[in-house]
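Engineer: Dropping in input-v9.txt, with compact mmCIF, C-alpha atoms (C1' of nucleotides).
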```txt
# COMPACT_ATOMS: atom_id res chain seq x y z
CA MET K 10 -7.40 5.73 33.25
CA SER K 11 -8.05 6.24 29.57
CA CYS K 12 -11.49 6.51 28.02
CA ALA K 13 -10.53 3.45 26.01
CA SER K 14 -10.86 1.16 29.01
CA GLU K 15 -14.52 0.82 28.26
CA TYR K 16 -13.50 -1.49 25.43
CA VAL K 17 -11.92 -3.97 27.82
CA PRO K 18 -14.97 -6.22 28.31
CA TYR K 19 -15.61 -6.21 24.56
CA LEU K 20 -12.14 -7.62 24.00
CA ARG K 21 -12.18 -9.89 27.04
CA THR K 22 -15.38 -11.69 26.12
CA ARG K 23 -13.88 -12.43 22.71
CA GLY K 24 -10.71 -13.87 24.16
CA TYR K 25 -8.50 -10.89 23.39
CA ARG K 26 -6.43 -8.74 25.74
CA MET K 27 -6.28 -5.04 26.37
CA THR K 28 -2.78 -3.65 26.14
CA ARG K 29 -1.20 -0.27 26.60
CA GLN K 30 -0.71 -0.12 22.83
CA ARG K 31 -4.31 -0.90 21.95
CA MET K 32 -5.47 1.52 24.60
CA ALA K 33 -3.38 4.29 23.08
CA ILE K 34 -4.54 3.59 19.54
CA LEU K 35 -8.21 3.44 20.50
CA HIS K 36 -7.79 6.64 22.46
CA VAL K 37 -6.27 8.42 19.49
CA LEU K 38 -9.02 7.28 17.16
CA ARG K 39 -11.76 8.27 19.58
CA HIS K 40 -10.44 11.78 19.78
CA ALA K 41 -9.65 12.19 16.10
CA GLU K 42 -12.11 14.38 14.29
CA THR K 43 -11.49 12.52 11.04
CA HIS K 44 -9.92 9.49 9.38
CA LEU K 45 -6.29 8.86 10.19
CA SER K 46 -3.58 7.11 8.23
CA PRO K 47 -1.53 4.45 10.00
CA LEU K 48 1.37 6.88 10.17
CA GLU K 49 -0.80 9.54 11.82
CA VAL K 50 -2.08 7.02 14.32
CA TYR K 51 1.48 5.98 15.05
CA LYS K 52 2.69 9.52 15.63
CA ARG K 53 -0.11 10.33 18.01
CA ALA K 54 -0.37 7.06 19.89
CA ARG K 55 3.36 6.92 20.46
CA LEU K 56 3.00 9.83 22.85
CA GLU K 57 0.84 7.67 25.08
CA ALA K 58 2.67 4.40 24.55
CA PRO K 59 6.32 5.19 23.86
CA SER K 60 7.37 1.63 23.09
CA LEU K 61 4.83 1.49 20.26
CA THR K 62 6.19 0.51 16.85
CA GLU K 63 4.83 0.84 13.35
CA PRO K 64 4.23 -2.86 12.71
CA THR K 65 2.11 -2.94 15.84
CA VAL K 66 0.06 -0.02 14.57
CA TYR K 67 -0.63 -1.76 11.28
CA ARG K 68 -1.48 -5.02 13.00
CA THR K 69 -3.65 -3.35 15.59
CA LEU K 70 -5.62 -1.30 13.09
CA ASP K 71 -6.21 -4.42 11.11
CA PHE K 72 -7.24 -6.31 14.23
CA LEU K 73 -9.57 -3.58 15.43
CA SER K 74 -11.20 -3.49 12.01
CA GLU K 75 -11.65 -7.22 12.16
CA ILE K 76 -13.56 -7.01 15.44
CA ALA K 77 -15.43 -3.94 14.23
CA LEU K 78 -14.14 -1.42 16.76
CA VAL K 79 -12.73 0.74 14.01
CA ARG K 80 -13.86 1.27 10.47
CA PRO K 81 -11.38 1.25 7.60
CA SER K 82 -11.89 3.16 4.41
CA TYR K 83 -9.94 4.25 1.40
CA ASN K 84 -8.79 7.80 0.81
CA PRO K 85 -8.65 9.28 -2.70
CA ASN K 86 -5.12 7.95 -3.18
CA GLY K 87 -6.32 4.45 -2.51
CA HIS K 88 -4.72 4.21 0.88
CA LEU K 89 -6.40 2.86 3.97
CA THR K 90 -7.41 5.23 6.72
CA TYR K 91 -9.22 4.47 9.93
CA GLU K 92 -11.81 5.99 12.21
CA ILE K 93 -13.49 4.80 15.36
CA ALA K 94 -16.62 2.75 14.73
CA GLY K 95 -19.80 4.45 15.79
CA ASN K 96 -22.54 5.93 13.73
CA HIS K 97 -22.75 3.76 10.67
CA HIS K 98 -22.09 5.80 7.59
CA HIS K 99 -20.20 5.76 4.33
CA HIS K 100 -18.20 8.42 2.57
CA LEU K 101 -18.53 10.41 -0.60
CA VAL K 102 -15.26 12.07 -1.53
CA CYS K 103 -14.65 14.74 -4.14
CA LYS K 104 -12.24 13.49 -6.81
CA ASN K 105 -11.02 16.98 -7.33
CA CYS K 106 -10.53 18.64 -3.96
CA GLY K 107 -10.91 15.73 -1.58
CA THR K 108 -13.81 17.21 0.38
CA GLU K 109 -15.69 14.54 2.30
CA THR K 110 -19.38 14.04 2.85
CA GLU K 111 -21.02 11.37 4.96
CA VAL K 112 -23.58 9.06 3.38
CA GLU K 113 -26.20 7.59 5.69
CA HIS K 114 -26.05 3.84 5.79
CA SER K 115 -29.80 3.66 5.39
CA LEU K 116 -29.38 4.72 1.76
CA LEU K 117 -27.41 1.54 1.12
CA GLU K 118 -29.41 -0.83 3.27
CA SER K 119 -31.82 -1.91 0.56
CA LEU K 120 -29.02 -2.28 -1.97
CA TYR K 121 -27.25 -4.68 0.40
CA ARG K 122 -30.40 -6.76 0.80
CA LEU K 123 -30.79 -6.77 -2.98
CA LEU K 124 -27.21 -7.91 -3.47
CA GLU K 125 -27.72 -10.67 -0.94
CA MET K 126 -30.80 -11.90 -2.74
CA ASN K 127 -29.19 -11.79 -6.17
CA SER K 128 -25.87 -13.32 -5.21
CA GLY K 129 -26.65 -15.66 -2.34
CA TYR K 130 -24.02 -13.87 -0.27
CA ARG K 131 -24.74 -12.95 3.35
CA SER K 132 -23.51 -10.41 5.89
CA ILE K 133 -22.64 -7.80 3.34
CA ASN K 134 -21.69 -4.92 5.55
CA SER K 135 -18.69 -3.29 3.99
CA HIS K 136 -17.92 0.36 4.43
CA VAL K 137 -17.88 1.95 1.02
CA THR K 138 -16.27 5.10 -0.25
CA PHE K 139 -17.76 6.75 -3.32
CA PHE K 140 -16.01 9.32 -5.45
CA GLY K 141 -17.65 12.17 -7.35
CA VAL K 142 -17.30 15.85 -8.03
CA CYS K 143 -18.56 18.16 -5.29
CA PRO K 144 -20.77 21.20 -5.95
CA LYS K 145 -17.93 23.67 -5.43
CA CYS K 146 -15.67 22.01 -7.98
CA GLN K 147 -18.56 21.72 -10.43
CA ASN K 148 -18.96 25.48 -10.36
CA GLN K 149 -15.27 26.11 -10.94
CA LYS K 150 -15.44 24.10 -14.13
CA ASP K 151 -18.45 26.05 -15.35
CA GLN K 152 -16.47 29.27 -15.40
CA MET Q 12 1.07 -5.20 -34.29
CA SER Q 13 -0.51 -5.63 -30.92
CA CYS Q 14 -4.22 -5.59 -30.30
CA ALA Q 15 -3.57 -2.65 -28.01
CA SER Q 16 -2.90 -0.32 -30.93
CA GLU Q 17 -6.59 0.34 -31.16
CA TYR Q 18 -6.17 2.54 -28.10
CA VAL Q 19 -3.82 4.89 -29.94
CA PRO Q 20 -6.45 7.37 -31.12
CA TYR Q 21 -8.04 7.43 -27.67
CA LEU Q 22 -4.73 8.53 -26.18
CA ARG Q 23 -3.80 10.81 -29.08
CA THR Q 24 -6.95 12.88 -28.98
CA ARG Q 25 -6.35 13.47 -25.28
CA GLY Q 26 -2.80 14.63 -25.81
CA TYR Q 27 -1.12 11.46 -24.58
CA ARG Q 28 1.28 9.15 -26.34
CA MET Q 29 1.30 5.45 -27.02
CA THR Q 30 4.50 3.77 -25.94
CA ARG Q 31 5.85 0.28 -26.06
CA GLN Q 32 5.33 0.06 -22.30
CA ARG Q 33 1.71 1.14 -22.38
CA MET Q 34 1.10 -1.15 -25.30
CA ALA Q 35 2.51 -4.10 -23.35
CA ILE Q 36 0.51 -3.31 -20.22
CA LEU Q 37 -2.74 -2.85 -22.09
CA HIS Q 38 -2.08 -6.04 -23.99
CA VAL Q 39 -1.53 -7.99 -20.78
CA LEU Q 40 -4.69 -6.63 -19.20
CA ARG Q 41 -6.78 -7.36 -22.26
CA HIS Q 42 -5.74 -10.97 -22.24
CA ALA Q 43 -5.98 -11.47 -18.50
CA GLU Q 44 -9.00 -13.42 -17.46
CA THR Q 45 -9.10 -11.69 -14.09
CA HIS Q 46 -7.74 -8.81 -12.00
CA LEU Q 47 -4.00 -8.49 -11.84
CA SER Q 48 -1.75 -7.00 -9.20
CA PRO Q 49 0.90 -4.51 -10.30
CA LEU Q 50 3.52 -7.18 -9.79
CA GLU Q 51 1.65 -9.63 -12.01
CA VAL Q 52 1.28 -6.99 -14.68
CA TYR Q 53 4.98 -6.24 -14.42
CA LYS Q 54 6.02 -9.87 -14.77
CA ARG Q 55 3.87 -10.44 -17.83
CA ALA Q 56 4.37 -7.13 -19.59
CA ARG Q 57 8.11 -7.30 -19.17
CA LEU Q 58 8.15 -10.15 -21.67
CA GLU Q 59 6.83 -7.80 -24.31
CA ALA Q 60 8.70 -4.69 -23.21
CA PRO Q 61 11.98 -5.80 -21.65
CA SER Q 62 13.06 -2.36 -20.50
CA LEU Q 63 9.89 -2.00 -18.43
CA THR Q 64 10.39 -1.16 -14.76
CA GLU Q 65 8.13 -1.40 -11.74
CA PRO Q 66 7.70 2.32 -11.17
CA THR Q 67 6.48 2.59 -14.75
CA VAL Q 68 3.95 -0.14 -14.15
CA TYR Q 69 2.56 1.63 -11.11
CA ARG Q 70 2.46 4.96 -12.88
CA THR Q 71 0.91 3.51 -15.99
CA LEU Q 72 -1.80 1.60 -14.16
CA ASP Q 73 -2.65 4.77 -12.29
CA PHE Q 74 -2.66 6.74 -15.52
CA LEU Q 75 -4.82 4.25 -17.36
CA SER Q 76 -7.29 4.26 -14.48
CA GLU Q 77 -7.38 8.02 -14.64
CA ILE Q 78 -8.38 8.00 -18.30
CA ALA Q 79 -10.75 5.09 -17.71
CA LEU Q 80 -9.04 2.49 -19.89
CA VAL Q 81 -8.57 0.19 -16.93
CA ARG Q 82 -10.61 -0.28 -13.82
CA PRO Q 83 -8.95 -0.50 -10.41
CA SER Q 84 -10.42 -2.39 -7.50
CA TYR Q 85 -9.39 -3.70 -4.14
CA ASN Q 86 -8.72 -7.32 -3.40
CA PRO Q 87 -9.62 -8.87 -0.03
CA ASN Q 88 -6.22 -7.84 1.37
CA GLY Q 89 -6.91 -4.24 0.54
CA HIS Q 90 -4.45 -4.12 -2.33
CA LEU Q 91 -5.19 -2.58 -5.67
CA THR Q 92 -5.68 -4.81 -8.65
CA TYR Q 93 -6.53 -3.88 -12.22
CA GLU Q 94 -8.56 -5.13 -15.11
CA ILE Q 95 -9.27 -3.79 -18.55
CA ALA Q 96 -12.28 -1.51 -18.69
CA GLY Q 97 -15.18 -2.94 -20.58
CA ASN Q 98 -18.44 -4.21 -19.31
CA HIS Q 99 -19.28 -2.02 -16.38
CA HIS Q 100 -19.60 -4.07 -13.24
CA HIS Q 101 -18.64 -4.15 -9.59
CA HIS Q 102 -17.39 -6.94 -7.40
CA LEU Q 103 -18.69 -8.86 -4.44
CA VAL Q 104 -15.92 -10.76 -2.70
CA CYS Q 105 -16.23 -13.44 -0.04
CA LYS Q 106 -14.53 -12.34 3.18
CA ASN Q 107 -13.75 -15.91 3.96
CA CYS Q 108 -12.50 -17.64 0.83
CA GLY Q 109 -12.03 -14.72 -1.54
CA THR Q 110 -14.39 -16.00 -4.23
CA GLU Q 111 -15.50 -13.24 -6.55
CA THR Q 112 -18.86 -12.46 -8.05
CA GLU Q 113 -19.68 -9.70 -10.48
CA VAL Q 114 -22.38 -7.20 -9.63
CA GLU Q 115 -24.19 -5.58 -12.54
CA HIS Q 116 -23.76 -1.84 -12.56
CA SER Q 117 -27.47 -1.39 -13.18
CA LEU Q 118 -28.09 -2.45 -9.58
CA LEU Q 119 -26.14 0.59 -8.41
CA GLU Q 120 -27.33 3.06 -10.98
CA SER Q 121 -30.31 4.32 -9.02
CA LEU Q 122 -28.27 4.54 -5.82
CA TYR Q 123 -25.78 6.76 -7.61
CA ARG Q 124 -28.54 9.05 -8.82
CA LEU Q 125 -29.93 9.15 -5.28
CA LEU Q 126 -26.54 10.03 -3.85
CA GLU Q 127 -26.16 12.79 -6.39
CA MET Q 128 -29.51 14.26 -5.48
CA ASN Q 129 -28.89 14.08 -1.74
CA SER Q 130 -25.34 15.36 -1.77
CA GLY Q 131 -25.16 17.74 -4.72
CA TYR Q 132 -22.18 15.73 -6.01
CA ARG Q 133 -21.98 14.82 -9.70
CA SER Q 134 -20.29 12.18 -11.83
CA ILE Q 135 -20.33 9.53 -9.16
CA ASN Q 136 -19.02 6.57 -11.07
CA SER Q 137 -16.66 4.75 -8.77
CA HIS Q 138 -16.06 1.07 -9.03
CA VAL Q 139 -17.06 -0.49 -5.74
CA THR Q 140 -16.05 -3.74 -4.12
CA PHE Q 141 -18.41 -5.26 -1.58
CA PHE Q 142 -17.48 -7.93 0.91
CA GLY Q 143 -19.76 -10.61 2.27
CA VAL Q 144 -19.89 -14.32 2.98
CA CYS Q 145 -20.52 -16.56 -0.03
CA PRO Q 146 -23.03 -19.43 -0.03
CA LYS Q 147 -20.36 -22.12 0.21
CA CYS Q 148 -18.76 -20.58 3.29
CA GLN Q 149 -22.17 -20.07 4.87
CA ASN Q 150 -22.80 -23.80 4.65
CA GLN Q 151 -19.46 -24.68 6.19
CA LYS Q 152 -20.34 -22.62 9.25
CA ASP Q 153 -23.71 -24.35 9.59
CA GLN Q 154 -22.07 -27.71 10.15
C1' DA H 26 14.35 13.41 -42.91
C1' DA H 27 16.14 16.47 -39.31
C1' DC H 28 14.60 19.30 -35.46
C1' DA H 29 11.99 20.86 -31.43
C1' DT H 30 8.88 20.07 -27.82
C1' DT H 31 7.54 17.74 -23.97
C1' DA H 32 5.25 13.37 -22.40
C1' DT H 33 7.14 9.35 -20.63
C1' DT H 34 10.57 6.37 -18.87
C1' DG H 35 14.51 4.39 -16.05
C1' DC H 36 17.26 4.91 -12.20
C1' DA H 37 18.16 5.41 -7.48
C1' DA H 38 16.51 6.19 -3.25
C1' DA H 39 12.87 6.83 0.01
C1' DA H 40 8.61 5.74 2.15
C1' DA H 41 4.93 2.60 3.27
C1' DC H 42 3.58 -1.80 4.55
C1' DT H 43 4.25 -6.88 5.78
C1' DT H 44 6.30 -11.06 7.79
C1' DA H 45 8.82 -14.41 10.82
C1' DC H 46 10.16 -15.30 15.07
C1' DA H 47 11.88 -14.78 19.69
C1' DA H 48 10.82 -11.98 23.85
C1' DT H 49 7.26 -9.96 26.65
C1' DA H 50 3.34 -9.41 29.41
C1' DA H 51 -1.96 -9.98 30.10
C1' DG H 52 -4.92 -12.41 32.61
C1' DG H 53 -6.50 -17.04 34.32
C1' DT H 54 -5.49 -20.64 38.02
C1' DG H 55 -3.80 -22.74 42.24
C1' DC V 25 1.03 -13.83 45.21
C1' DA V 26 3.71 -17.05 42.20
C1' DC V 27 3.09 -19.68 38.12
C1' DC V 28 1.36 -20.96 33.48
C1' DT V 29 -0.52 -20.30 29.09
C1' DT V 30 -0.63 -17.95 25.06
C1' DA V 31 -2.02 -13.41 22.95
C1' DT V 32 0.62 -9.61 21.75
C1' DT V 33 4.66 -6.98 20.96
C1' DG V 34 9.41 -5.49 19.24
C1' DT V 35 13.12 -6.44 16.25
C1' DA V 36 15.07 -7.04 11.98
C1' DA V 37 14.55 -7.88 7.48
C1' DG V 38 11.77 -8.31 3.45
C1' DT V 39 8.41 -6.68 -0.01
C1' DT V 40 5.58 -3.27 -2.14
C1' DT V 41 4.65 1.34 -3.61
C1' DT V 42 6.05 6.19 -4.35
C1' DT V 43 9.01 10.15 -5.65
C1' DG V 44 12.55 13.33 -7.88
C1' DC V 45 15.12 14.04 -11.58
C1' DA V 46 17.89 13.39 -15.60
C1' DA V 47 17.70 10.68 -19.92
C1' DT V 48 14.80 9.00 -23.58
C1' DA V 49 11.65 8.78 -27.24
C1' DA V 50 6.87 9.94 -29.35
C1' DT V 51 4.75 13.16 -32.14
C1' DG V 52 4.12 17.69 -34.63
C1' DT V 53 6.59 20.97 -37.66
C1' DT V 54 9.73 22.49 -41.05
```
What do you get writing this file as structure tokens?
Structural biologist:
Amino acid sequence: MSCASEYVPYLRTRGYRMTRQRMAILHVLRHAETHLSPLEVYKRARLEAPSLTEPTVYRTLDFLSEIALVRPSYNPNGHLTYEIAGNHHHHLVCKNCGTETEVEHSLLESLYRLLEMNSGYRSINSHVTFFGVCPKCQNQKDQ
Amino acid sequence: MSCASEYVPYLRTRGYRMTRQRMAILHVLRHAETHLSPLEVYKRARLEAPSLTEPTVYRTLDFLSEIALVRPSYNPNGHLTYEIAGNHHHHLVCKNCGTETEVEHSLLESLYRLLEMNSGYRSINSHVTFFGVCPKCQNQKDQ
DNA sequence: AACATTATTGCAAAAACTTACAATAAGGTG
DNA sequence: CACCTTATTGTAAGTTTTTGCAATAATGTT
């Protein structure tokens, strides 16, 4: 019985079903220390659910993002990667070396409220990835 | 003589070359009223530069982003689209209908400075796309 | 204007991602 | 437990994006 079975009621109450494939994918994401690309997810989840195919991985990641069980974000190459939803944070990635830092959501909270007031939009809750140059790479350029 | 020739010195001083293909792509972006997908850029620029190929479009858009002549951003489907760089703004896109609103960069300026102070990162200048629900779609749900 | 250097392109193929649709199986009901 | 409904998957094929490398052409130099 996988640790992912705790998501069953969450799906059930929304009219969705738990499947071996979703179980495997959620399990992989829960135990990943970092963001994973769809291909990475596929490789790992296939071990648990051998019939799993790539289209299903793409669809499932998209679906799980939709219902907020996983959080998508863009890597420096502009490709989507995924991580399990949990502590709400954003990412700051070094343009040069790719090093990642987490950004507390609280830092963005007031900006989101401001955007909502200015634009009339609601429910702004996107995960955002910022790019900059990290301290280490700054020093290298100084030399 | 295309309007894009004014970019020649910008490229030249950085050690890059102006080509018919880059000219065509810059021209297309300058006259586009909105973001364009690589395919759209390809279709339009090909009229000006018949030998143009898709790989070149992808490479050129990436290159022009790199040197800040065009600004990339993500559409609601997560695909990259491009627009000519100019007035510095971000985008707020409706999750539901896709309507786009511009967000003044000044609203983000202080956040960027805050991020830099907290993280030690520098040169945070990413274009960001936010997603929310626009006023029109909010009303539809109320009914 | 011819030549040299090398940035840039086109080509061909691979890799990544998406879609349509028929087959499968999750979970509710009798 | 057998049956029904329909959410979900696999298959096969399409589209989009990326890559390696040889051919091309933009610019500086003579």
Engineer: Output, as a JSON list (two decimals) with C-alpha atoms, in the coordinates of the input, the coordinates of chain K following least-squares superposition onto chain Q across all in-order C-alpha pairs.
Structural biologist:
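Below you can see superposed20.json, which holds the result:
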```json
[["chain", "number", "residue", "atom", "x", "y", "z"],
["K", 10, "MET", "CA", 1.19, -5.29, -34.22],
["K", 11, "SER", "CA", -0.44, -5.73, -30.85],
["K", 12, "CYS", "CA", -4.17, -5.72, -30.25],
["K", 13, "ALA", "CA", -3.54, -2.74, -28.01],
["K", 14, "SER", "CA", -2.90, -0.44, -30.95],
["K", 15, "GLU", "CA", -6.59, 0.19, -31.18],
["K", 16, "TYR", "CA", -6.17, 2.42, -28.14],
["K", 17, "VAL", "CA", -3.83, 4.76, -30.00],
["K", 18, "PRO", "CA", -6.46, 7.24, -31.23],
["K", 19, "TYR", "CA", -8.06, 7.30, -27.78],
["K", 20, "LEU", "CA", -4.76, 8.43, -26.31],
["K", 21, "ARG", "CA", -3.83, 10.69, -29.22],
["K", 22, "THR", "CA", -7.01, 12.74, -29.13],
["K", 23, "ARG", "CA", -6.40, 13.37, -25.44],
["K", 24, "GLY", "CA", -2.86, 14.55, -25.99],
["K", 25, "TYR", "CA", -1.16, 11.41, -24.72],
["K", 26, "ARG", "CA", 1.28, 9.09, -26.48],
["K", 27, "MET", "CA", 1.30, 5.39, -27.11],
["K", 28, "THR", "CA", 4.50, 3.73, -26.00],
["K", 29, "ARG", "CA", 5.88, 0.23, -26.09],
["K", 30, "GLN", "CA", 5.36, 0.06, -22.32],
["K", 31, "ARG", "CA", 1.72, 1.13, -22.40],
["K", 32, "MET", "CA", 1.11, -1.20, -25.30],
["K", 33, "ALA", "CA", 2.51, -4.12, -23.33],
["K", 34, "ILE", "CA", 0.53, -3.32, -20.21],
["K", 35, "LEU", "CA", -2.74, -2.89, -22.09],
["K", 36, "HIS", "CA", -2.07, -6.12, -23.92],
["K", 37, "VAL", "CA", -1.52, -8.00, -20.69],
["K", 38, "LEU", "CA", -4.69, -6.63, -19.14],
["K", 39, "ARG", "CA", -6.77, -7.42, -22.20],
["K", 40, "HIS", "CA", -5.72, -11.02, -22.11],
["K", 41, "ALA", "CA", -5.95, -11.48, -18.36],
["K", 42, "GLU", "CA", -8.96, -13.46, -17.29],
["K", 43, "THR", "CA", -9.07, -11.64, -13.96],
["K", 44, "HIS", "CA", -7.76, -8.73, -11.90],
["K", 45, "LEU", "CA", -4.01, -8.39, -11.72],
["K", 46, "SER", "CA", -1.77, -6.85, -9.10],
["K", 47, "PRO", "CA", 0.87, -4.37, -10.23],
["K", 48, "LEU", "CA", 3.51, -7.02, -9.67],
["K", 49, "GLU", "CA", 1.65, -9.51, -11.88],
["K", 50, "VAL", "CA", 1.27, -6.91, -14.58],
["K", 51, "TYR", "CA", 4.96, -6.16, -14.34],
["K", 52, "LYS", "CA", 6.00, -9.78, -14.64],
["K", 53, "ARG", "CA", 3.87, -10.38, -17.68],
["K", 54, "ALA", "CA", 4.36, -7.11, -19.51],
["K", 55, "ARG", "CA", 8.11, -7.26, -19.09],
["K", 56, "LEU", "CA", 8.16, -10.15, -21.54],
["K", 57, "GLU", "CA", 6.83, -7.83, -24.22],
["K", 58, "ALA", "CA", 8.71, -4.72, -23.18],
["K", 59, "PRO", "CA", 11.98, -5.79, -21.57],
["K", 60, "SER", "CA", 13.06, -2.32, -20.50],
["K", 61, "LEU", "CA", 9.89, -1.97, -18.43],
["K", 62, "THR", "CA", 10.39, -1.08, -14.76],
["K", 63, "GLU", "CA", 8.14, -1.29, -11.74],
["K", 64, "PRO", "CA", 7.68, 2.45, -11.22],
["K", 65, "THR", "CA", 6.46, 2.68, -14.80],
["K", 66, "VAL", "CA", 3.93, -0.06, -14.15],
["K", 67, "TYR", "CA", 2.54, 1.74, -11.13],
["K", 68, "ARG", "CA", 2.43, 5.05, -12.96],
["K", 69, "THR", "CA", 0.89, 3.55, -16.05],
["K", 70, "LEU", "CA", -1.82, 1.67, -14.18],
["K", 71, "ASP", "CA", -2.66, 4.83, -12.37],
["K", 72, "PHE", "CA", -2.70, 6.79, -15.62],
["K", 73, "LEU", "CA", -4.83, 4.24, -17.43],
["K", 74, "SER", "CA", -7.30, 4.30, -14.56],
["K", 75, "GLU", "CA", -7.41, 8.05, -14.76],
["K", 76, "ILE", "CA", -8.41, 7.98, -18.43],
["K", 77, "ALA", "CA", -10.76, 5.07, -17.80],
["K", 78, "LEU", "CA", -9.05, 2.44, -19.94],
["K", 79, "VAL", "CA", -8.58, 0.19, -16.96],
["K", 80, "ARG", "CA", -10.63, -0.23, -13.84],
["K", 81, "PRO", "CA", -8.99, -0.40, -10.42],
["K", 82, "SER", "CA", -10.46, -2.25, -7.51],
["K", 83, "TYR", "CA", -9.46, -3.47, -4.11],
["K", 84, "ASN", "CA", -8.78, -7.10, -3.30],
["K", 85, "PRO", "CA", -9.67, -8.57, 0.10],
["K", 86, "ASN", "CA", -6.30, -7.52, 1.50],
["K", 87, "GLY", "CA", -7.01, -3.94, 0.60],
["K", 88, "HIS", "CA", -4.57, -3.84, -2.25],
["K", 89, "LEU", "CA", -5.27, -2.38, -5.65],
["K", 90, "THR", "CA", -5.71, -4.67, -8.61],
["K", 91, "TYR", "CA", -6.55, -3.79, -12.16],
["K", 92, "GLU", "CA", -8.57, -5.11, -15.06],
["K", 93, "ILE", "CA", -9.27, -3.80, -18.52],
["K", 94, "ALA", "CA", -12.29, -1.51, -18.70],
["K", 95, "GLY", "CA", -15.20, -2.96, -20.58],
["K", 96, "ASN", "CA", -18.49, -4.21, -19.33],
["K", 97, "HIS", "CA", -19.33, -2.02, -16.39],
["K", 98, "HIS", "CA", -19.65, -4.09, -13.28],
["K", 99, "HIS", "CA", -18.68, -4.18, -9.64],
["K", 100, "HIS", "CA", -17.42, -6.98, -7.46],
["K", 101, "LEU", "CA", -18.72, -8.93, -4.52],
["K", 102, "VAL", "CA", -15.94, -10.84, -2.80],
["K", 103, "CYS", "CA", -16.24, -13.53, -0.16],
["K", 104, "LYS", "CA", -14.53, -12.47, 3.06],
["K", 105, "ASN", "CA", -13.76, -16.04, 3.83],
["K", 106, "CYS", "CA", -12.53, -17.75, 0.67],
["K", 107, "GLY", "CA", -12.05, -14.83, -1.68],
["K", 108, "THR", "CA", -14.45, -16.08, -4.35],
["K", 109, "GLU", "CA", -15.55, -13.28, -6.65],
["K", 110, "THR", "CA", -18.92, -12.50, -8.13],
["K", 111, "GLU", "CA", -19.74, -9.71, -10.55],
["K", 112, "VAL", "CA", -22.44, -7.20, -9.66],
["K", 113, "GLU", "CA", -24.24, -5.54, -12.55],
["K", 114, "HIS", "CA", -23.78, -1.82, -12.54],
["K", 115, "SER", "CA", -27.48, -1.34, -13.13],
["K", 116, "LEU", "CA", -28.10, -2.41, -9.53],
["K", 117, "LEU", "CA", -26.13, 0.60, -8.35],
["K", 118, "GLU", "CA", -27.31, 3.12, -10.91],
["K", 119, "SER", "CA", -30.25, 4.39, -8.90],
["K", 120, "LEU", "CA", -28.19, 4.55, -5.73],
["K", 121, "TYR", "CA", -25.69, 6.80, -7.51],
["K", 122, "ARG", "CA", -28.45, 9.12, -8.69],
["K", 123, "LEU", "CA", -29.81, 9.17, -5.14],
["K", 124, "LEU", "CA", -26.41, 10.03, -3.71],
["K", 125, "GLU", "CA", -26.03, 12.81, -6.24],
["K", 126, "MET", "CA", -29.36, 14.29, -5.29],
["K", 127, "ASN", "CA", -28.72, 14.07, -1.56],
["K", 128, "SER", "CA", -25.16, 15.33, -1.60],
["K", 129, "GLY", "CA", -24.98, 17.71, -4.53],
["K", 130, "TYR", "CA", -22.04, 15.71, -5.87],
["K", 131, "ARG", "CA", -21.86, 14.83, -9.57],
["K", 132, "SER", "CA", -20.21, 12.19, -11.74],
["K", 133, "ILE", "CA", -20.24, 9.53, -9.10],
["K", 134, "ASN", "CA", -18.97, 6.58, -11.03],
["K", 135, "SER", "CA", -16.62, 4.72, -8.77],
["K", 136, "HIS", "CA", -16.04, 1.02, -9.05],
["K", 137, "VAL", "CA", -17.02, -0.55, -5.78],
["K", 138, "THR", "CA", -16.04, -3.81, -4.18],
["K", 139, "PHE", "CA", -18.41, -5.33, -1.64],
["K", 140, "PHE", "CA", -17.48, -8.02, 0.84],
["K", 141, "GLY", "CA", -19.77, -10.72, 2.20],
["K", 142, "VAL", "CA", -19.89, -14.42, 2.88],
["K", 143, "CYS", "CA", -20.57, -16.63, -0.13],
["K", 144, "PRO", "CA", -23.10, -19.49, -0.12],
["K", 145, "LYS", "CA", -20.43, -22.17, 0.08],
["K", 146, "CYS", "CA", -18.79, -20.68, 3.16],
["K", 147, "GLN", "CA", -22.19, -20.16, 4.78],
["K", 148, "ASN", "CA", -22.84, -23.87, 4.54],
["K", 149, "GLN", "CA", -19.49, -24.79, 6.05],
["K", 150, "LYS", "CA", -20.33, -22.76, 9.12],
["K", 151, "ASP", "CA", -23.70, -24.46, 9.48],
["K", 152, "GLN", "CA", -22.05, -27.83, 10.00]]
```
Engineer: Identify every residue of chain Q that has at least one atom within 8 Å of any atom of chain H, counting only C-alpha atoms (C1' of nucleotides), and report the result as a list of chain:residue names.
Structural biologist: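 Per the criterion, chain Q yields Q:Tyr27, Q:Arg28, Q:Thr64, Q:Thr67.
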Engineer: To one decimal place, how far is atom CA of Leu80 of chain Q from atom CA of Ile95 of chain Q in Å?
Structural biologist: 6.4 Å
Engineer: Quick check, in Å to one decimal: how far apart do atom CA of Pro144 of chain K and atom CA of His100 of chain K lie?
Structural biologist: 15.6 Å
Engineer: Which residue gives the smallest distance to Thr71 of chain Q among Q:Arg33, Q:Arg133, Q:Arg124, Q:Lys147, with all atoms listed in the file counted?
Structural biologist: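 Closest residue, counting all atoms listed in the file: Q:Arg33.
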Engineer: Counting all atoms listed in the file, which residues of chain V fall within 9 Å of chain Q, and what is the closest atom pair for each with its distance in Å at one decimal, ordered by chain and rising number, as JSON lines?
Structural biologist:
```
{"residue": "V:DT40", "atom": "C1'", "partner": "Q:Leu50", "partner_atom": "CA", "distance": 8.8}
{"residue": "V:DT41", "atom": "C1'", "partner": "Q:Tyr69", "partner_atom": "CA", "distance": 7.8}
{"residue": "V:DT42", "atom": "C1'", "partner": "Q:Pro66", "partner_atom": "CA", "distance": 8.0}
{"residue": "V:DA49", "atom": "C1'", "partner": "Q:Thr30", "partner_atom": "CA", "distance": 8.8}
{"residue": "V:DA50", "atom": "C1'", "partner": "Q:Arg28", "partner_atom": "CA", "distance": 6.4}
{"residue": "V:DT51", "atom": "C1'", "partner": "Q:Arg28", "partner_atom": "CA", "distance": 7.9}
```
